[in-house]
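The data block below is coords_16.txt; it holds compact mmCIF, C-alpha atoms (C1' of nucleotides).
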# COMPACT_ATOMS: atom_id res chain seq x y z
CA MET A 1 0.00 0.00 0.00
CA THR A 2 2.02 2.87 -1.34
CA LYS A 3 1.42 6.12 0.43
CA LYS A 4 1.63 9.01 -1.95
CA TYR A 5 2.88 12.46 -1.25
CA ASN A 6 1.27 15.46 -2.87
CA ILE A 7 4.71 16.92 -3.04
CA SER A 8 8.14 15.89 -1.85
CA VAL A 9 8.25 18.57 0.84
CA GLU A 10 5.93 16.33 2.80
CA ALA A 11 8.54 13.60 2.91
CA THR A 12 11.02 16.01 4.43
CA LEU A 13 8.58 17.27 7.00
CA GLU A 14 7.74 13.70 7.93
CA VAL A 15 11.40 13.31 8.86
CA ILE A 16 12.17 16.60 10.59
CA GLY A 17 8.69 17.65 11.66
CA GLY A 18 6.70 17.09 14.79
CA LYS A 19 6.92 18.68 18.15
CA TRP A 20 10.38 17.55 19.21
CA LYS A 21 12.49 16.50 16.24
CA PRO A 22 13.69 19.97 15.34
CA VAL A 23 15.08 20.61 18.81
CA ILE A 24 16.64 17.20 19.07
CA LEU A 25 18.27 17.56 15.67
CA CYS A 26 19.58 21.02 16.39
CA HIS A 27 21.22 19.81 19.56
CA LEU A 28 22.79 16.91 17.73
CA MET A 29 24.11 19.36 15.14
CA ASN A 30 26.38 20.55 17.93
CA GLY A 31 27.79 17.08 18.46
CA LYS A 32 27.16 13.67 19.90
CA LYS A 33 24.95 13.56 23.00
CA ARG A 34 24.02 11.01 25.62
CA THR A 35 20.36 10.33 26.35
CA GLY A 36 20.36 12.04 29.71
CA GLU A 37 22.22 14.96 28.25
CA LEU A 38 19.46 15.47 25.69
CA LYS A 39 16.89 15.24 28.45
CA ARG A 40 18.66 17.97 30.34
CA LEU A 41 18.98 20.11 27.23
CA ILE A 42 15.27 19.75 26.52
CA PRO A 43 13.79 19.83 30.01
CA LYS A 44 10.14 19.62 28.97
CA ILE A 45 10.42 16.54 26.86
CA THR A 46 9.30 13.30 28.44
CA GLN A 47 11.31 10.13 28.43
CA LYS A 48 8.76 8.54 26.16
CA MET A 49 8.75 11.25 23.53
CA LEU A 50 12.51 11.48 23.56
CA THR A 51 13.11 7.82 22.86
CA GLN A 52 10.21 7.66 20.43
CA GLN A 53 11.55 10.50 18.33
CA LEU A 54 15.10 9.18 18.51
CA ARG A 55 13.89 5.80 17.26
CA GLU A 56 12.17 7.41 14.31
CA LEU A 57 15.19 9.52 13.43
CA GLU A 58 17.37 6.45 13.65
CA HIS A 59 14.96 4.51 11.45
CA ASP A 60 15.12 7.24 8.83
CA GLY A 61 18.91 7.10 8.86
CA ILE A 62 19.31 10.61 10.26
CA ILE A 63 21.08 9.66 13.46
CA ASN A 64 23.25 6.86 14.76
CA ARG A 65 22.64 5.16 18.08
CA ILE A 66 25.82 4.11 19.80
CA VAL A 67 25.44 1.65 22.64
CA TYR A 68 28.28 1.08 25.08
CA ASN A 69 27.95 -2.29 26.67
CA GLN A 70 28.36 -1.29 30.29
CA VAL A 71 26.49 -0.73 33.52
CA PRO A 72 24.92 1.65 34.16
CA PRO A 73 23.98 1.85 30.50
CA LYS A 74 25.53 4.41 28.23
CA VAL A 75 24.00 5.34 24.91
CA GLU A 76 25.02 8.14 22.61
CA TYR A 77 23.26 9.66 19.64
CA GLU A 78 25.01 11.41 16.82
CA LEU A 79 24.02 12.88 13.48
CA SER A 80 24.76 10.45 10.66
CA ALA A 81 26.40 11.54 7.44
CA TYR A 82 22.96 11.53 5.88
CA GLY A 83 21.53 13.54 8.74
CA ASN A 84 24.23 16.05 8.16
CA SER A 85 22.66 16.85 4.81
CA LEU A 86 19.86 18.52 6.78
CA ARG A 87 22.15 21.06 8.35
CA GLU A 88 21.60 23.85 5.87
CA ILE A 89 17.87 23.29 5.76
CA LEU A 90 17.50 23.45 9.51
CA HIS A 91 19.64 26.53 9.59
CA SER A 92 17.41 28.28 7.04
CA LEU A 93 14.34 27.26 8.97
CA CYS A 94 15.89 28.75 12.10
CA ILE A 95 16.73 32.04 10.48
CA TRP A 96 13.32 32.43 8.89
CA GLY A 97 11.59 31.50 12.13
CA GLU A 98 13.53 34.10 14.04
CA HIS A 99 12.56 36.78 11.57
CA HIS A 100 8.99 35.62 11.71
CA ILE A 101 8.81 35.75 15.48
CA GLU A 102 10.29 39.21 15.42
CA ARG A 103 7.90 40.33 12.73
CA THR A 104 4.96 38.90 14.62
CA TYR A 105 5.76 39.84 18.19
CA GLY A 106 8.30 42.63 17.94
CA ASP A 107 11.12 40.79 19.62
CA THR A 108 12.31 37.26 20.02
CA LYS A 109 13.62 36.86 23.53
CA ASP A 110 10.21 36.48 25.20
CA TYR A 111 9.19 33.76 22.80
CA LEU A 112 12.21 31.50 22.76
CA GLU A 113 13.13 29.21 25.61
CA ASP A 114 16.42 29.75 27.32
CA SER A 115 18.71 27.30 25.62
CA ILE A 116 22.16 27.22 24.17
CA LEU A 117 20.40 26.91 20.84
CA ASN A 118 18.89 30.37 21.10
CA GLN A 119 21.96 32.51 21.43
CA MET B 120 0.12 33.87 27.94
CA THR B 121 3.29 33.81 25.89
CA LYS B 122 3.87 30.57 24.09
CA LYS B 123 7.52 29.76 23.92
CA TYR B 124 9.35 27.94 21.20
CA ASN B 125 12.20 25.61 22.02
CA ILE B 126 13.80 26.85 18.88
CA SER B 127 12.81 29.16 16.09
CA VAL B 128 12.45 26.35 13.57
CA GLU B 129 9.17 25.60 15.28
CA ALA B 130 7.81 28.99 14.34
CA THR B 131 8.57 28.30 10.71
CA LEU B 132 6.97 24.88 10.78
CA GLU B 133 3.91 26.38 12.41
CA VAL B 134 3.55 28.53 9.32
CA ILE B 135 4.39 26.11 6.52
CA GLY B 136 3.65 22.79 8.23
CA GLY B 137 0.61 20.61 8.42
CA LYS B 138 -0.96 18.34 5.89
CA TRP B 139 -1.93 20.86 3.22
CA LYS B 140 0.07 24.07 3.52
CA PRO B 141 3.11 22.85 1.62
CA VAL B 142 1.05 21.89 -1.44
CA ILE B 143 -0.99 25.05 -1.37
CA LEU B 144 2.10 27.19 -1.06
CA CYS B 145 3.94 25.40 -3.84
CA HIS B 146 1.01 25.95 -6.17
CA LEU B 147 0.89 29.61 -5.28
CA MET B 148 4.61 29.84 -6.01
CA ASN B 149 3.59 29.34 -9.62
CA GLY B 150 1.26 32.30 -9.53
CA LYS B 151 -2.06 33.62 -8.37
CA LYS B 152 -4.87 31.05 -8.19
CA ARG B 153 -8.62 31.12 -7.74
CA THR B 154 -10.20 29.01 -5.01
CA GLY B 155 -11.73 26.49 -7.38
CA GLU B 156 -8.49 26.28 -9.27
CA LEU B 157 -6.68 25.27 -6.11
CA LYS B 158 -9.36 22.72 -5.40
CA ARG B 159 -8.81 21.21 -8.83
CA LEU B 160 -5.05 21.24 -8.41
CA ILE B 161 -5.35 19.48 -5.06
CA PRO B 162 -8.22 17.07 -5.68
CA LYS B 163 -8.14 15.36 -2.30
CA ILE B 164 -8.40 18.47 -0.19
CA THR B 165 -11.81 19.30 1.19
CA GLN B 166 -13.43 22.69 0.94
CA LYS B 167 -13.12 23.10 4.66
CA MET B 168 -9.43 22.34 4.89
CA LEU B 169 -8.67 24.51 1.90
CA THR B 170 -10.28 27.61 3.30
CA GLN B 171 -9.01 26.91 6.78
CA GLN B 172 -5.42 26.67 5.63
CA LEU B 173 -5.77 29.69 3.37
CA ARG B 174 -7.11 31.71 6.29
CA GLU B 175 -4.15 30.76 8.42
CA LEU B 176 -1.66 31.58 5.70
CA GLU B 177 -3.37 34.91 5.18
CA HIS B 178 -3.31 35.60 8.89
CA ASP B 179 0.43 34.93 8.97
CA GLY B 180 0.95 37.37 6.11
CA ILE B 181 2.13 34.71 3.69
CA ILE B 182 -0.61 35.14 1.10
CA ASN B 183 -2.99 37.85 -0.06
CA ARG B 184 -6.68 37.26 -0.55
CA ILE B 185 -8.13 39.24 -3.42
CA VAL B 186 -11.89 39.49 -3.51
CA TYR B 187 -13.67 40.65 -6.66
CA ASN B 188 -17.04 42.05 -5.79
CA GLN B 189 -19.14 40.10 -8.23
CA VAL B 190 -21.56 37.22 -8.51
CA PRO B 191 -20.87 34.39 -8.60
CA PRO B 192 -18.03 35.22 -6.25
CA LYS B 193 -14.45 35.39 -7.46
CA VAL B 194 -11.56 35.18 -5.05
CA GLU B 195 -7.91 34.87 -5.82
CA TYR B 196 -4.99 33.98 -3.63
CA GLU B 197 -1.45 35.04 -4.28
CA LEU B 198 1.84 34.80 -2.46
CA SER B 199 2.62 38.03 -0.63
CA ALA B 200 6.04 39.61 -0.73
CA TYR B 201 6.67 38.13 2.67
CA GLY B 202 5.47 34.73 1.53
CA ASN B 203 7.93 34.97 -1.28
CA SER B 204 10.73 34.83 1.27
CA LEU B 205 9.79 31.18 1.74
CA ARG B 206 10.55 30.26 -1.83
CA GLU B 207 14.10 29.07 -1.32
CA ILE B 208 13.21 27.17 1.82
CA LEU B 209 10.37 25.30 0.17
CA HIS B 210 12.60 24.54 -2.75
CA SER B 211 15.27 23.03 -0.52
CA LEU B 212 12.64 21.01 1.30
CA CYS B 213 11.44 19.70 -2.05
CA ILE B 214 14.86 18.68 -3.22
CA TRP B 215 15.75 16.97 0.01
CA GLY B 216 12.41 15.19 0.10
CA GLU B 217 12.90 13.87 -3.41
CA HIS B 218 16.29 12.50 -2.52
CA HIS B 219 14.88 10.99 0.61
CA ILE B 220 12.04 9.25 -1.18
CA GLU B 221 14.49 7.89 -3.70
CA ARG B 222 16.85 6.76 -1.00
CA THR B 223 14.03 5.11 0.89
CA TYR B 224 12.01 3.52 -1.88
CA GLY B 225 14.36 3.34 -4.84
CA ASP B 226 12.42 5.65 -7.09
CA THR B 227 10.09 8.58 -6.74
CA LYS B 228 7.36 8.25 -9.32
CA ASP B 229 5.30 5.68 -7.41
CA TYR B 230 5.27 7.83 -4.32
CA LEU B 231 4.39 11.23 -5.67
CA GLU B 232 0.92 12.16 -6.85
CA ASP B 233 0.49 13.16 -10.44
CA SER B 234 0.62 16.92 -10.32
CA ILE B 235 2.25 19.70 -12.22
CA LEU B 236 4.33 20.19 -9.09
CA ASN B 237 6.02 16.84 -9.48
CA GLN B 238 7.62 17.19 -12.87
C1' DC C 239 -39.69 30.09 -10.73
C1' DG C 240 -36.13 26.77 -10.05
C1' DT C 241 -31.42 25.74 -10.75
C1' DA C 242 -26.46 26.31 -11.64
C1' DA C 243 -22.14 28.55 -10.40
C1' DT C 244 -18.71 29.99 -6.76
C1' DT C 245 -16.93 30.62 -2.22
C1' DG C 246 -17.62 29.90 2.27
C1' DT C 247 -19.49 28.37 7.19
C1' DT C 248 -20.88 25.27 10.99
C1' DA C 249 -21.66 21.23 13.93
C1' DC C 250 -20.15 17.02 14.60
C1' DG C 251 -17.22 12.67 14.42
C1' DT C 252 -12.79 10.21 13.83
C1' DA C 253 -7.88 9.48 13.80
C1' DA C 254 -3.29 10.73 14.87
C1' DA C 255 -0.02 12.90 18.02
C1' DA C 256 1.48 13.90 22.38
C1' DG C 257 1.42 13.34 27.55
C1' DT C 258 1.09 10.59 32.21
C1' DG C 259 2.31 7.23 35.41
C1' DC C 260 4.27 3.32 36.62
C1' DC C 261 7.32 -0.59 35.59
C1' DT C 262 11.98 -3.20 34.19
C1' DA C 263 17.00 -4.27 34.13
C1' DC C 264 21.61 -3.98 35.81
C1' DC C 265 25.53 -3.35 38.86
C1' DC C 266 27.80 -0.43 42.23
C1' DT C 267 28.27 1.71 46.72
C1' DA C 268 27.14 2.94 51.31
C1' DT D 269 20.26 -5.00 51.70
C1' DA D 270 18.50 -0.76 50.36
C1' DG D 271 19.02 2.83 47.22
C1' DG D 272 21.25 5.39 43.28
C1' DG D 273 22.24 5.95 38.46
C1' DT D 274 21.05 5.10 33.41
C1' DA D 275 18.20 3.89 29.51
C1' DG D 276 13.88 2.43 28.16
C1' DG D 277 9.15 -0.10 27.82
C1' DC D 278 3.96 -0.28 28.21
C1' DA D 279 -1.06 0.80 29.04
C1' DC D 280 -3.84 4.40 29.19
C1' DT D 281 -5.72 9.29 28.72
C1' DT D 282 -5.87 13.78 26.69
C1' DT D 283 -5.31 16.99 23.03
C1' DT D 284 -4.98 18.43 18.49
C1' DA D 285 -5.52 17.81 13.63
C1' DC D 286 -8.17 16.38 10.09
C1' DG D 287 -12.52 14.74 7.65
C1' DT D 288 -17.77 14.55 6.63
C1' DA D 289 -21.96 16.37 5.48
C1' DA D 290 -25.27 19.63 5.19
C1' DC D 291 -26.33 24.60 4.68
C1' DA D 292 -25.91 29.87 3.19
C1' DA D 293 -25.57 33.85 -0.12
C1' DT D 294 -26.10 35.96 -4.53
C1' DT D 295 -27.28 36.69 -9.40
C1' DA D 296 -27.93 35.08 -14.12
C1' DC D 297 -30.08 32.12 -17.14
C1' DG D 298 -33.39 29.07 -19.18

Would you mind writing the file's structure down as structure tokens?
Amino acid sequence: MTKKYNISVEATLEVIGGKWKPVILCHLMNGKKRTGELKRLIPKITQKMLTQQLRELEHDGIINRIVYNQVPPKVEYELSAYGNSLREILHSLCIWGEHHIERTYGDTKDYLEDSILNQ
Amino acid sequence: MTKKYNISVEATLEVIGGKWKPVILCHLMNGKKRTGELKRLIPKITQKMLTQQLRELEHDGIINRIVYNQVPPKVEYELSAYGNSLREILHSLCIWGEHHIERTYGDTKDYLEDSILNQ
DNA sequence: CGTAATTGTTACGTAAAAGTGCCTACCCTA
DNA sequence: TAGGGTAGGCACTTTTACGTAACAATTACG
């Protein structure tokens, strides 16, 4: 049963869209991260959503999951080479979004969470 | 009640995301369109979703709604100057999506609707 | 007079996405 | 032996997005 896209943009948004994937991806753009590290960087995400989104990104080939066989467990996530091809796109989306927030609200700082990503 | 974004990408996706906005926008990239014309170009969209999405795009300043005062009614939608600033972004999203479909399924033609947009 | 043409609205129902709470496994250390 | 630290699973509820179907307004035309 072949799902059809109206237009290829939809395929991209299926990969990078949703409530949490953009943040996760942007953090991983700045380098490999452990699970708990991501949770700290994105305080409002729940354990469930975090792992769920990471699984989907992994499935789409965007990130690599690196498991260290030790106790307590250690797992790292990093952008794959393929995922890296999203870098420019995400950057453009960031820039445009910033302009849009500014255009809509007058300034950005009240509408962006405190985060190393928003500096 | 200030909604906060984790990252500005989210603001962009709020504007161009969802099930129908990308298609609508891409059609409007090719020029002004009447309501019925859009409905024909996007056969599976319902009247309700079409107008709902158009209203939101208008509200965000992305498109202009041009009403001709005549009967039967005539309304046209066109990309605004501001909306035009999304052109490059949508184009990149298209390109990446095409590659992704190809990478995932082997070819694109079985996964993209017949449409002047997919040529 | 009744109907077609065009754009749009509204109330309601369904399906998909996100959130909550509690549970597991493992070894180490106090 | 009880608890900490790390990653993650599962059942269930809530919220949001999307879809369906019927209705409105206006004028021209047969």

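Using all atoms listed in the file, the chain B residues found within 12 Å of chain D amount to Gly136, Gly137, Lys138, Trp139, Lys163, Ile164, Thr165, Gln166, Lys167, Met168, Leu169, Gln171, Gln172, Asn188, Gln189, Val190, Pro191 and Pro192 of chain B.
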
Sorted by chain and rising residue number, list the residues of chain C at most 9 Å from chain A (counting all atoms listed in the file), each with its closest atom pair and distance in Å to one decimal, as JSON lines.
{"residue": "C:DA255", "atom": "C1'", "partner": "A:Gly18", "partner_atom": "CA", "distance": 8.6}
{"residue": "C:DA256", "atom": "C1'", "partner": "A:Met49", "partner_atom": "CA", "distance": 7.8}
{"residue": "C:DG257", "atom": "C1'", "partner": "A:Thr46", "partner_atom": "CA", "distance": 7.9}
{"residue": "C:DC264", "atom": "C1'", "partner": "A:Val71", "partner_atom": "CA", "distance": 6.3}
{"residue": "C:DC265", "atom": "C1'", "partner": "A:Val71", "partner_atom": "CA", "distance": 6.0}
{"residue": "C:DC266", "atom": "C1'", "partner": "A:Val71", "partner_atom": "CA", "distance": 8.8}

**Asked** Using all atoms listed in the file, which chain B residues lie at most 7 Å away from chain A, written as a PyMOL selection string?
**Response** chain B and resi 121-128+130-131+141-142+208+211-213+215-217+220+230-232+236-237

File dump, residues just selected, C-alpha atoms, as a PDB file, in the frame of the given file:
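Okay, selection_1.pdb is ready:
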ATOM      1  CA  THR B 121       3.290  33.810  25.890  1.00  0.00           C
ATOM      2  CA  LYS B 122       3.870  30.570  24.090  1.00  0.00           C
ATOM      3  CA  LYS B 123       7.520  29.760  23.920  1.00  0.00           C
ATOM      4  CA  TYR B 124       9.350  27.940  21.200  1.00  0.00           C
ATOM      5  CA  ASN B 125      12.200  25.610  22.020  1.00  0.00           C
ATOM      6  CA  ILE B 126      13.800  26.850  18.880  1.00  0.00           C
ATOM      7  CA  SER B 127      12.810  29.160  16.090  1.00  0.00           C
ATOM      8  CA  VAL B 128      12.450  26.350  13.570  1.00  0.00           C
ATOM      9  CA  ALA B 130       7.810  28.990  14.340  1.00  0.00           C
ATOM     10  CA  THR B 131       8.570  28.300  10.710  1.00  0.00           C
ATOM     11  CA  PRO B 141       3.110  22.850   1.620  1.00  0.00           C
ATOM     12  CA  VAL B 142       1.050  21.890  -1.440  1.00  0.00           C
ATOM     13  CA  ILE B 208      13.210  27.170   1.820  1.00  0.00           C
ATOM     14  CA  SER B 211      15.270  23.030  -0.520  1.00  0.00           C
ATOM     15  CA  LEU B 212      12.640  21.010   1.300  1.00  0.00           C
ATOM     16  CA  CYS B 213      11.440  19.700  -2.050  1.00  0.00           C
ATOM     17  CA  TRP B 215      15.750  16.970   0.010  1.00  0.00           C
ATOM     18  CA  GLY B 216      12.410  15.190   0.100  1.00  0.00           C
ATOM     19  CA  GLU B 217      12.900  13.870  -3.410  1.00  0.00           C
ATOM     20  CA  ILE B 220      12.040   9.250  -1.180  1.00  0.00           C
ATOM     21  CA  TYR B 230       5.270   7.830  -4.320  1.00  0.00           C
ATOM     22  CA  LEU B 231       4.390  11.230  -5.670  1.00  0.00           C
ATOM     23  CA  GLU B 232       0.920  12.160  -6.850  1.00  0.00           C
ATOM     24  CA  LEU B 236       4.330  20.190  -9.090  1.00  0.00           C
ATOM     25  CA  ASN B 237       6.020  16.840  -9.480  1.00  0.00           C
TER      26      ASN B 237
END

**Prompt:** Rounded to one decimal in Å, what is the spacing between CA of Ile66 in chain A and CA of Leu54 in chain A?
**Reply:** 11.9 Å

**Asked** Could you state the separation of C1' of DC260 in chain C and CA of Ile63 in chain A in Å, given to one decimal place?
**Response** 29.3 Å

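Across the structure, CA of Glu195 in chain B and C1' of DT247 in chain C are spaced 18.6 Å apart.
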